[in-house]
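Asks: Below are the structure tokens for one structure; questions will follow.
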Amino acid sequence: MMRRFDAIIVGAGQAGPALAGRLNDAGKTVALVERHLVGGTCVNTGCKPTKTLVASAYAAHLARRAADYGVTIAGGIGIDMPAVFARVQKVVRDSRHGNEAWLEGMEHVTLIRGHARFTGPDRIRVGDERDGEDITAPLIFLNVGGRASIPDFPGVDAIDPLTNSSILQLQAVPRHLIVVGGSYIGLEFAQSFRRLGAQVTVIEKGPRIIAREDEDVSAAIHDILEKEGIAFRLDAECIAFAPHPDGVACGVSCANGEPQVIGSHVLIAVGRRPNTDDLGLDAAGIETDERGYIQVDDKLATNVPGIWAMGDCNGRGAFTHTAYNDFEIVAENMLDGADRKVTDRVPCYGLFVDPPLGRCGMSEAEARAKGHRIKVGQRAMSRVGRAVEKGEALGLMKIVVDADSDRILGGAILGPGGDEAIHSILDMMQLGATAATLRRTVHIHPTVAELIPTIAGEIKG
Ligand SMILES: Cc1cc2nc3c(=O)[nH]c(=O)nc-3n(C[C@H](O)[C@H](O)[C@H](O)COP(=O)(O)OP(=O)(O)OC[C@H]3O[C@@H](n4cnc5c(N)ncnc54)[C@H](O)[C@@H]3O)c2cc1C
Ligand SMILES: NC(=O)c1ccc[n+]([C@@H]2O[C@H](COP(=O)([O-])OP(=O)(O)OC[C@H]3O[C@@H](n4cnc5c(N)ncnc54)[C@H](O)[C@@H]3O)[C@@H](O)[C@H]2O)c1
């Protein structure tokens with residue numbers, strides 16, 4: 001028997017449940033298929049647990065620095081790792097349960113647990129051949145997300161490496177955590193575990209960490225992390241692993257330094273891959289690129305009429321806010337007669353090391369590469385009053401402006417509250433504002449964001 005719905009959504013991550021809600025309100029029957037945990041990556045193994053861990057790590061760091069503020073802590077500080085992880089798990093559980101309760105309250109939505117696979121352009125098999133069921137709908141929305149990519153490093157099968165998911169199951173601080181990959185995932189875990197007491201080495205194949213950022217931003221973050229005691233091995237070309245009496249030997253074959261790093265645990269954080277390899281896309285004729293990302297147009301429609309792809313699996317964003325924006329685009333175009341497009345959004349994201357990096361639009365290097373003649377306004381956090389008052393004056397802020405039109409092209413704020421303050425530049429960019437408009441805006445004293453109009457007035461070619 002084939003159950004029929006008005007719509008099928010595969011994946012209860014960041015776009016699927018919200019779309020189910022909109023369709024439900026419009027009176028449509030919806031099958032929402034989820035094979036694992038409601039909330040997907042962000043809620044269960046991504047944003048939420050990591051930002052909760054970052055908060056514990058920040059508390060430990062601040063406690064160690066208490067004397068800088070004239071505060072004494074008798075007997076030193078300790079880390080109760082089971083309590084740290086219990087806090088992480090509670091935040092995750094509460095969020096997941098909240099999502100589940102929200103879905104259960106939707107009258108026309110049926111949550112079906114199981115793995116979904118296309119058997120035709122309008123039909124999906126949930127579960128295996130024997131025990132599964134077939135469902136069909138004229139509208140299908142894919143929100144299948146991604147997972148950690150584990151390259152075929154020599155020896156990787158012999159060492160049981162950690163990913164962003166399994167590292168959250170640890171009950172104790174690793175003695176020496178080797179983090180392979182010096183980018184968003186790797187650096188957030190590296191700093192958190194360092195502050196919670198682990199020795200940490202980051203191994204990166206490129207010549208610098210977070211290579212998507214401008215060199216000065218990348219260097220400032222490297223410097224901050226190194227001063228906290230994190231070791232870096234850059235230009236690591238031939239990474240290989242072998243079991244070792246002390247845990248794991250990681251061959252790094254770098255140009256300089258020891259050829260091996262011996263650690264107790266290895267976290268692999270070298271990128272993500274979309275969950276599209278086991279979705280039966282061929283049965284529906286849905287096109288992907290060579291890395292498995294579903295090909296979509298500017299309104300997130302696939303090449304097959306009636307099928308859309310939202311979130312990480314379409315390769316047009318890799319963040320929770322881009323997945324959610326995908327939902328808004330699809331829902332408003334379909335239900336409200338809107339004309340929203342992916343290319344209308346200004347790229348933005350945070351890197352939640354401490355101090356955090358907030359980013360929007362183009363980096364300086366990107367703007368130059370795209371042929372813009374640019375001007376840049378810049379200031380070190382040591383010259384930002386609020387950062388100095390907080391005793392957190394590490395980092396920098398900068399604004400990139402098109403020299404010909406005076407339009408704001410991008411911004412970076414690495415410093416206390418940088419993840420929040422960046423929205424002041426982001427919102428101006430969404431409105432297509434010029435640096436002159438930003439310069440005339442009055443911001444609240446004393447804040448980090450207060451300096452944004454000042455910098456907009458100091459831009460140089
Ligand atoms: C460690 C880490 C930290 C992160 N931190 C941040 C952050 O601070 N800010 C930020 O914006 N982003 C962050 N991200 C990225 C963010 O988590 C993702 O961009 C976001 O979760 C993508 O949402 P999604 O809905 O596309 O996919 P997911 O959240 O991955 O959801 C996809 C869902 O589909 C299900 N599914 C897959 N295939 C099938 C199938 N065949 N049948 C049924 N169900 C299926 C999966 O089980 C999953 O529940 C982080 C990611 C990681 C790994
Ligand atoms: N704060 C956030 O919003 C946040 C946090 C975590 C993750 N994410 C999302 O998750 C995605 C994946 O993050 P990520 O950090 O895993 O990947 P990434 O693609 O951002 O970076 C991978 C890093 O690993 C390095 N690398 C690649 N292959 C390697 C190899 N063989 N050996 C050593 N180093 C290697 C790359 O040079 C790069 O520095 C990001 O693109 C981001 O969108 C977002």
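Naming works like this for the structure tokens: A, B, ... for the chains as they're shown, residue 1 at the start of each chain, ligands 1 onward in shown order.
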Kindly provide the residues of chain A that approach ligand 2 to within 6 Å, each paired with its closest atom pair and their distance in Å to one decimal, based on only C-alpha atoms and all ligand atoms, listed by chain and increasing number, as a Markdown table.
Replies:
```
| residue | atom | partner | partner_atom_place_in_ligand_line | distance |
| --- | --- | --- | --- | --- |
| A:Val180 | CA | ligand 2 | 33 (C) | 5.3 |
| A:Gly181 | CA | ligand 2 | 24 (O) | 3.5 |
| A:Gly182 | CA | ligand 2 | 39 (O) | 4.5 |
| A:Ser183 | CA | ligand 2 | 15 (O) | 4.1 |
| A:Tyr184 | CA | ligand 2 | 15 (O) | 3.9 |
| A:Ile185 | CA | ligand 2 | 15 (O) | 3.8 |
| A:Gly186 | CA | ligand 2 | 15 (O) | 5.4 |
| A:Glu204 | CA | ligand 2 | 34 (N) | 4.1 |
| A:Lys205 | CA | ligand 2 | 33 (C) | 4.2 |
| A:Gly206 | CA | ligand 2 | 37 (O) | 5.0 |
| A:Ile209 | CA | ligand 2 | 39 (O) | 5.8 |
| A:Ile210 | CA | ligand 2 | 39 (O) | 5.3 |
| A:Ala269 | CA | ligand 2 | 16 (O) | 4.2 |
| A:Val270 | CA | ligand 2 | 24 (O) | 3.5 |
| A:Gly271 | CA | ligand 2 | 17 (O) | 3.2 |
| A:Arg272 | CA | ligand 2 | 12 (C) | 5.2 |
| A:Ala318 | CA | ligand 2 | 43 (O) | 3.9 |
| A:Phe319 | CA | ligand 2 | 43 (O) | 5.2 |
| A:Tyr349 | CA | ligand 2 | 3 (O) | 5.4 |
| A:Gly350 | CA | ligand 2 | 1 (N) | 4.8 |
| A:Leu351 | CA | ligand 2 | 1 (N) | 4.1 |
| A:Phe352 | CA | ligand 2 | 1 (N) | 5.3 |
```
Asks: For C-alpha atoms, I'd like the residues from the last selection saved as a PDB file, in the first residue's frame.
Replies:
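Saved file part18.pdb follows:
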```pdb
ATOM      1  CA  VAL A 180      43.335  17.405  11.835  1.00  0.00           C
ATOM      2  CA  GLY A 181      41.949  20.437   9.967  1.00  0.00           C
ATOM      3  CA  GLY A 182      42.508  24.040  11.044  1.00  0.00           C
ATOM      4  CA  SER A 183      39.158  25.501  10.093  1.00  0.00           C
ATOM      5  CA  TYR A 184      35.786  26.250  11.730  1.00  0.00           C
ATOM      6  CA  ILE A 185      35.068  22.864  13.321  1.00  0.00           C
ATOM      7  CA  GLY A 186      38.663  22.069  14.217  1.00  0.00           C
ATOM      8  CA  GLU A 204      46.608  21.644   8.817  1.00  0.00           C
ATOM      9  CA  LYS A 205      47.682  20.813   5.298  1.00  0.00           C
ATOM     10  CA  GLY A 206      47.560  24.427   4.150  1.00  0.00           C
ATOM     11  CA  ILE A 209      44.641  28.170   9.363  1.00  0.00           C
ATOM     12  CA  ILE A 210      41.185  29.272   8.090  1.00  0.00           C
ATOM     13  CA  ALA A 269      37.679  18.044  10.923  1.00  0.00           C
ATOM     14  CA  VAL A 270      38.608  18.445   7.274  1.00  0.00           C
ATOM     15  CA  GLY A 271      35.226  19.289   5.808  1.00  0.00           C
ATOM     16  CA  ARG A 272      31.776  17.784   5.291  1.00  0.00           C
ATOM     17  CA  ALA A 318      26.888  25.405   5.057  1.00  0.00           C
ATOM     18  CA  PHE A 319      25.237  27.060   8.018  1.00  0.00           C
ATOM     19  CA  TYR A 349      28.925  33.523   9.507  1.00  0.00           C
ATOM     20  CA  GLY A 350      30.726  33.330  12.805  1.00  0.00           C
ATOM     21  CA  LEU A 351      33.736  31.405  14.022  1.00  0.00           C
ATOM     22  CA  PHE A 352      33.025  30.797  17.687  1.00  0.00           C
TER      23      PHE A 352
END
```
Asks: Which residues of chain A have any atom within 6 Å of an atom in ligand 1 when counting only C-alpha atoms and all ligand atoms, and what is the closest pair of atoms for each, with the distance in Å to one decimal? Order the rows by chain and rising number and write it as JSON lines.
Replies:
```
{"residue": "A:Val10", "atom": "CA", "partner": "ligand 1", "partner_atom_place_in_ligand_line": "43 (C)", "distance": 5.3}
{"residue": "A:Gly11", "atom": "CA", "partner": "ligand 1", "partner_atom_place_in_ligand_line": "34 (O)", "distance": 3.3}
{"residue": "A:Ala12", "atom": "CA", "partner": "ligand 1", "partner_atom_place_in_ligand_line": "33 (C)", "distance": 5.0}
{"residue": "A:Gly13", "atom": "CA", "partner": "ligand 1", "partner_atom_place_in_ligand_line": "31 (O)", "distance": 3.3}
{"residue": "A:Gln14", "atom": "CA", "partner": "ligand 1", "partner_atom_place_in_ligand_line": "25 (O)", "distance": 3.7}
{"residue": "A:Ala15", "atom": "CA", "partner": "ligand 1", "partner_atom_place_in_ligand_line": "25 (O)", "distance": 5.1}
{"residue": "A:Val33", "atom": "CA", "partner": "ligand 1", "partner_atom_place_in_ligand_line": "43 (C)", "distance": 5.1}
{"residue": "A:Glu34", "atom": "CA", "partner": "ligand 1", "partner_atom_place_in_ligand_line": "44 (N)", "distance": 3.8}
{"residue": "A:Arg35", "atom": "CA", "partner": "ligand 1", "partner_atom_place_in_ligand_line": "44 (N)", "distance": 4.1}
{"residue": "A:His36", "atom": "CA", "partner": "ligand 1", "partner_atom_place_in_ligand_line": "47 (O)", "distance": 4.4}
{"residue": "A:Leu37", "atom": "CA", "partner": "ligand 1", "partner_atom_place_in_ligand_line": "49 (O)", "distance": 5.3}
{"residue": "A:Val38", "atom": "CA", "partner": "ligand 1", "partner_atom_place_in_ligand_line": "49 (O)", "distance": 5.6}
{"residue": "A:Gly39", "atom": "CA", "partner": "ligand 1", "partner_atom_place_in_ligand_line": "49 (O)", "distance": 5.8}
{"residue": "A:Gly40", "atom": "CA", "partner": "ligand 1", "partner_atom_place_in_ligand_line": "49 (O)", "distance": 3.2}
{"residue": "A:Thr41", "atom": "CA", "partner": "ligand 1", "partner_atom_place_in_ligand_line": "29 (O)", "distance": 3.8}
{"residue": "A:Cys42", "atom": "CA", "partner": "ligand 1", "partner_atom_place_in_ligand_line": "17 (O)", "distance": 3.5}
{"residue": "A:Gly46", "atom": "CA", "partner": "ligand 1", "partner_atom_place_in_ligand_line": "2 (C)", "distance": 3.4}
{"residue": "A:Cys47", "atom": "CA", "partner": "ligand 1", "partner_atom_place_in_ligand_line": "5 (N)", "distance": 3.5}
{"residue": "A:Thr50", "atom": "CA", "partner": "ligand 1", "partner_atom_place_in_ligand_line": "3 (C)", "distance": 5.9}
{"residue": "A:Gly114", "atom": "CA", "partner": "ligand 1", "partner_atom_place_in_ligand_line": "43 (C)", "distance": 5.9}
{"residue": "A:His115", "atom": "CA", "partner": "ligand 1", "partner_atom_place_in_ligand_line": "42 (N)", "distance": 3.8}
{"residue": "A:Ala116", "atom": "CA", "partner": "ligand 1", "partner_atom_place_in_ligand_line": "42 (N)", "distance": 3.7}
{"residue": "A:Arg117", "atom": "CA", "partner": "ligand 1", "partner_atom_place_in_ligand_line": "41 (N)", "distance": 5.7}
{"residue": "A:Asn143", "atom": "CA", "partner": "ligand 1", "partner_atom_place_in_ligand_line": "25 (O)", "distance": 5.3}
{"residue": "A:Val144", "atom": "CA", "partner": "ligand 1", "partner_atom_place_in_ligand_line": "34 (O)", "distance": 3.5}
{"residue": "A:Gly145", "atom": "CA", "partner": "ligand 1", "partner_atom_place_in_ligand_line": "27 (O)", "distance": 3.2}
{"residue": "A:Gly146", "atom": "CA", "partner": "ligand 1", "partner_atom_place_in_ligand_line": "30 (O)", "distance": 5.0}
{"residue": "A:Asn164", "atom": "CA", "partner": "ligand 1", "partner_atom_place_in_ligand_line": "1 (C)", "distance": 5.0}
{"residue": "A:Ile185", "atom": "CA", "partner": "ligand 1", "partner_atom_place_in_ligand_line": "1 (C)", "distance": 5.1}
{"residue": "A:Asn275", "atom": "CA", "partner": "ligand 1", "partner_atom_place_in_ligand_line": "38 (N)", "distance": 5.3}
{"residue": "A:Leu279", "atom": "CA", "partner": "ligand 1", "partner_atom_place_in_ligand_line": "41 (N)", "distance": 5.0}
{"residue": "A:Gly311", "atom": "CA", "partner": "ligand 1", "partner_atom_place_in_ligand_line": "26 (O)", "distance": 3.2}
{"residue": "A:Asp312", "atom": "CA", "partner": "ligand 1", "partner_atom_place_in_ligand_line": "26 (O)", "distance": 3.9}
{"residue": "A:Cys313", "atom": "CA", "partner": "ligand 1", "partner_atom_place_in_ligand_line": "26 (O)", "distance": 6.0}
{"residue": "A:Ala318", "atom": "CA", "partner": "ligand 1", "partner_atom_place_in_ligand_line": "19 (O)", "distance": 4.2}
{"residue": "A:Phe319", "atom": "CA", "partner": "ligand 1", "partner_atom_place_in_ligand_line": "19 (O)", "distance": 3.1}
{"residue": "A:Thr320", "atom": "CA", "partner": "ligand 1", "partner_atom_place_in_ligand_line": "11 (O)", "distance": 3.8}
{"residue": "A:His321", "atom": "CA", "partner": "ligand 1", "partner_atom_place_in_ligand_line": "11 (O)", "distance": 5.2}
{"residue": "A:Ala323", "atom": "CA", "partner": "ligand 1", "partner_atom_place_in_ligand_line": "26 (O)", "distance": 5.2}
```
Asks: Determine which residues of stretch 78-226 of chain A receive a DSSP assignment of helix (DSSP H, G or I), computed from the backbone, and state them as a ChimeraX atom specification.
Replies: /A:81-104,156-158,166-169,184-195,215-226
Asks: Could you list, as a PDB file with C-alpha atoms, in the first residue's frame, every residue within 9 Å of A:Ile203, counting only C-alpha atoms and ignoring same-chain residues fewer than 6 positions away?
Replies:
```
ATOM      1  CA  ILE A 178      45.285  15.984  17.756  1.00  0.00           C
ATOM      2  CA  VAL A 179      42.938  18.007  15.556  1.00  0.00           C
ATOM      3  CA  VAL A 180      43.335  17.405  11.835  1.00  0.00           C
ATOM      4  CA  GLY A 181      41.949  20.437   9.967  1.00  0.00           C
ATOM      5  CA  GLY A 182      42.508  24.040  11.044  1.00  0.00           C
ATOM      6  CA  ALA A 231      50.500  23.793  18.927  1.00  0.00           C
ATOM      7  CA  PHE A 232      50.190  24.113  15.149  1.00  0.00           C
ATOM      8  CA  ARG A 233      51.714  21.983  12.418  1.00  0.00           C
ATOM      9  CA  LEU A 234      51.045  23.698   9.103  1.00  0.00           C
ATOM     10  CA  ASP A 235      51.912  22.547   5.563  1.00  0.00           C
ATOM     11  CA  ALA A 236      51.295  18.979   6.720  1.00  0.00           C
ATOM     12  CA  ILE A 239      49.251  12.764   7.106  1.00  0.00           C
ATOM     13  CA  VAL A 252      52.889  14.892   9.588  1.00  0.00           C
TER      14      VAL A 252
END
```
Asks: List every residue of stretch 299-420 of chain A that DSSP, applied to the backbone of this structure, places in strand (DSSP E or B), and write the result as a ChimeraX atom specification.
Replies: /A:301,307-309,348-351,357-361,374-380,396-402,407-414
Asks: Kindly export the residues of the current selection with N, CA and C atoms, as a JSON list (two decimals), in the first residue's frame.
Replies:
```json
[["chain", "number", "residue", "atom", "x", "y", "z"],
["A", 301, "ALA", "N", 15.07, 25.03, -6.69],
["A", 301, "ALA", "CA", 14.44, 23.92, -7.41],
["A", 301, "ALA", "C", 15.53, 23.04, -8.02],
["A", 307, "ILE", "N", 10.56, 18.97, -7.15],
["A", 307, "ILE", "CA", 11.53, 18.57, -6.11],
["A", 307, "ILE", "C", 12.50, 19.73, -5.84],
["A", 308, "TRP", "N", 12.62, 20.10, -4.58],
["A", 308, "TRP", "CA", 13.51, 21.17, -4.15],
["A", 308, "TRP", "C", 14.56, 20.61, -3.17],
["A", 309, "ALA", "N", 15.68, 21.31, -3.04],
["A", 309, "ALA", "CA", 16.69, 20.90, -2.05],
["A", 309, "ALA", "C", 17.09, 22.11, -1.22],
["A", 348, "CYS", "N", 27.24, 35.43, 5.40],
["A", 348, "CYS", "CA", 27.68, 35.82, 6.74],
["A", 348, "CYS", "C", 27.84, 34.58, 7.62],
["A", 349, "TYR", "N", 28.72, 34.65, 8.58],
["A", 349, "TYR", "CA", 28.92, 33.52, 9.51],
["A", 349, "TYR", "C", 29.80, 33.96, 10.67],
["A", 350, "GLY", "N", 29.84, 33.09, 11.67],
["A", 350, "GLY", "CA", 30.73, 33.33, 12.81],
["A", 350, "GLY", "C", 31.70, 32.18, 12.94],
["A", 351, "LEU", "N", 32.83, 32.47, 13.56],
["A", 351, "LEU", "CA", 33.74, 31.40, 14.02],
["A", 351, "LEU", "C", 33.78, 31.60, 15.53],
["A", 357, "LEU", "N", 34.87, 35.49, 15.89],
["A", 357, "LEU", "CA", 35.00, 36.23, 14.63],
["A", 357, "LEU", "C", 33.62, 36.32, 13.99],
["A", 358, "GLY", "N", 33.18, 37.52, 13.70],
["A", 358, "GLY", "CA", 31.95, 37.71, 12.93],
["A", 358, "GLY", "C", 32.35, 38.17, 11.54],
["A", 359, "ARG", "N", 31.73, 37.57, 10.52],
["A", 359, "ARG", "CA", 32.11, 37.90, 9.14],
["A", 359, "ARG", "C", 30.89, 38.15, 8.29],
["A", 360, "CYS", "N", 30.98, 39.12, 7.39],
["A", 360, "CYS", "CA", 29.92, 39.28, 6.40],
["A", 360, "CYS", "C", 30.52, 39.74, 5.09],
["A", 361, "GLY", "N", 29.84, 39.39, 4.02],
["A", 361, "GLY", "CA", 30.27, 39.80, 2.68],
["A", 361, "GLY", "C", 31.63, 39.27, 2.30],
["A", 374, "ILE", "N", 39.40, 48.67, -3.94],
["A", 374, "ILE", "CA", 38.84, 48.74, -2.58],
["A", 374, "ILE", "C", 39.55, 49.74, -1.67],
["A", 375, "LYS", "N", 38.80, 50.13, -0.65],
["A", 375, "LYS", "CA", 39.35, 50.91, 0.46],
["A", 375, "LYS", "C", 39.03, 50.11, 1.72],
["A", 376, "VAL", "N", 39.91, 50.24, 2.72],
["A", 376, "VAL", "CA", 39.71, 49.44, 3.93],
["A", 376, "VAL", "C", 39.83, 50.33, 5.17],
["A", 377, "GLY", "N", 38.91, 50.15, 6.09],
["A", 377, "GLY", "CA", 39.01, 50.79, 7.41],
["A", 377, "GLY", "C", 39.31, 49.71, 8.42],
["A", 378, "GLN", "N", 40.23, 49.97, 9.31],
["A", 378, "GLN", "CA", 40.71, 48.90, 10.19],
["A", 378, "GLN", "C", 41.14, 49.45, 11.55],
["A", 379, "ARG", "N", 40.96, 48.63, 12.58],
["A", 379, "ARG", "CA", 41.41, 49.06, 13.91],
["A", 379, "ARG", "C", 41.67, 47.83, 14.76],
["A", 380, "ALA", "N", 42.75, 47.87, 15.53],
["A", 380, "ALA", "CA", 43.04, 46.76, 16.45],
["A", 380, "ALA", "C", 42.11, 46.87, 17.65],
["A", 396, "LEU", "N", 40.82, 42.31, 15.99],
["A", 396, "LEU", "CA", 40.79, 43.49, 15.12],
["A", 396, "LEU", "C", 39.42, 43.59, 14.46],
["A", 397, "MET", "N", 39.13, 44.75, 13.92],
["A", 397, "MET", "CA", 37.91, 44.87, 13.12],
["A", 397, "MET", "C", 38.23, 45.60, 11.83],
["A", 398, "LYS", "N", 37.54, 45.22, 10.76],
["A", 398, "LYS", "CA", 37.79, 45.93, 9.50],
["A", 398, "LYS", "C", 36.56, 45.94, 8.61],
["A", 399, "ILE", "N", 36.51, 46.96, 7.79],
["A", 399, "ILE", "CA", 35.42, 47.11, 6.83],
["A", 399, "ILE", "C", 36.04, 47.29, 5.44],
["A", 400, "VAL", "N", 35.49, 46.56, 4.48],
["A", 400, "VAL", "CA", 35.99, 46.65, 3.10],
["A", 400, "VAL", "C", 34.94, 47.40, 2.27],
["A", 401, "VAL", "N", 35.40, 48.41, 1.56],
["A", 401, "VAL", "CA", 34.48, 49.29, 0.83],
["A", 401, "VAL", "C", 34.91, 49.39, -0.64],
["A", 402, "ASP", "N", 33.94, 49.46, -1.54],
["A", 402, "ASP", "CA", 34.25, 49.66, -2.96],
["A", 402, "ASP", "C", 34.64, 51.13, -3.16],
["A", 407, "ARG", "N", 30.08, 51.66, -1.76],
["A", 407, "ARG", "CA", 29.27, 50.57, -1.20],
["A", 407, "ARG", "C", 30.11, 49.70, -0.26],
["A", 408, "ILE", "N", 29.49, 49.20, 0.79],
["A", 408, "ILE", "CA", 30.21, 48.31, 1.71],
["A", 408, "ILE", "C", 30.24, 46.92, 1.10],
["A", 409, "LEU", "N", 31.42, 46.33, 1.03],
["A", 409, "LEU", "CA", 31.56, 45.01, 0.41],
["A", 409, "LEU", "C", 31.68, 43.89, 1.44],
["A", 410, "GLY", "N", 32.19, 44.22, 2.63],
["A", 410, "GLY", "CA", 32.35, 43.16, 3.62],
["A", 410, "GLY", "C", 32.90, 43.68, 4.93],
["A", 411, "GLY", "N", 32.91, 42.81, 5.92],
["A", 411, "GLY", "CA", 33.43, 43.19, 7.22],
["A", 411, "GLY", "C", 33.89, 41.98, 8.00],
["A", 412, "ALA", "N", 34.81, 42.24, 8.93],
["A", 412, "ALA", "CA", 35.28, 41.19, 9.84],
["A", 412, "ALA", "C", 35.47, 41.81, 11.21],
["A", 413, "ILE", "N", 34.90, 41.20, 12.23],
["A", 413, "ILE", "CA", 35.13, 41.68, 13.59],
["A", 413, "ILE", "C", 35.58, 40.51, 14.44],
["A", 414, "LEU", "N", 36.84, 40.53, 14.80],
["A", 414, "LEU", "CA", 37.41, 39.52, 15.70],
["A", 414, "LEU", "C", 37.64, 40.21, 17.03]]
```
Asks: Taking into account only C-alpha atoms, which residue in the set A:Leu32, A:Glu287, A:Thr163, A:Val88 is nearest to A:Glu104?
Replies: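 Under the stated criterion, the closest residue is A:Leu32.
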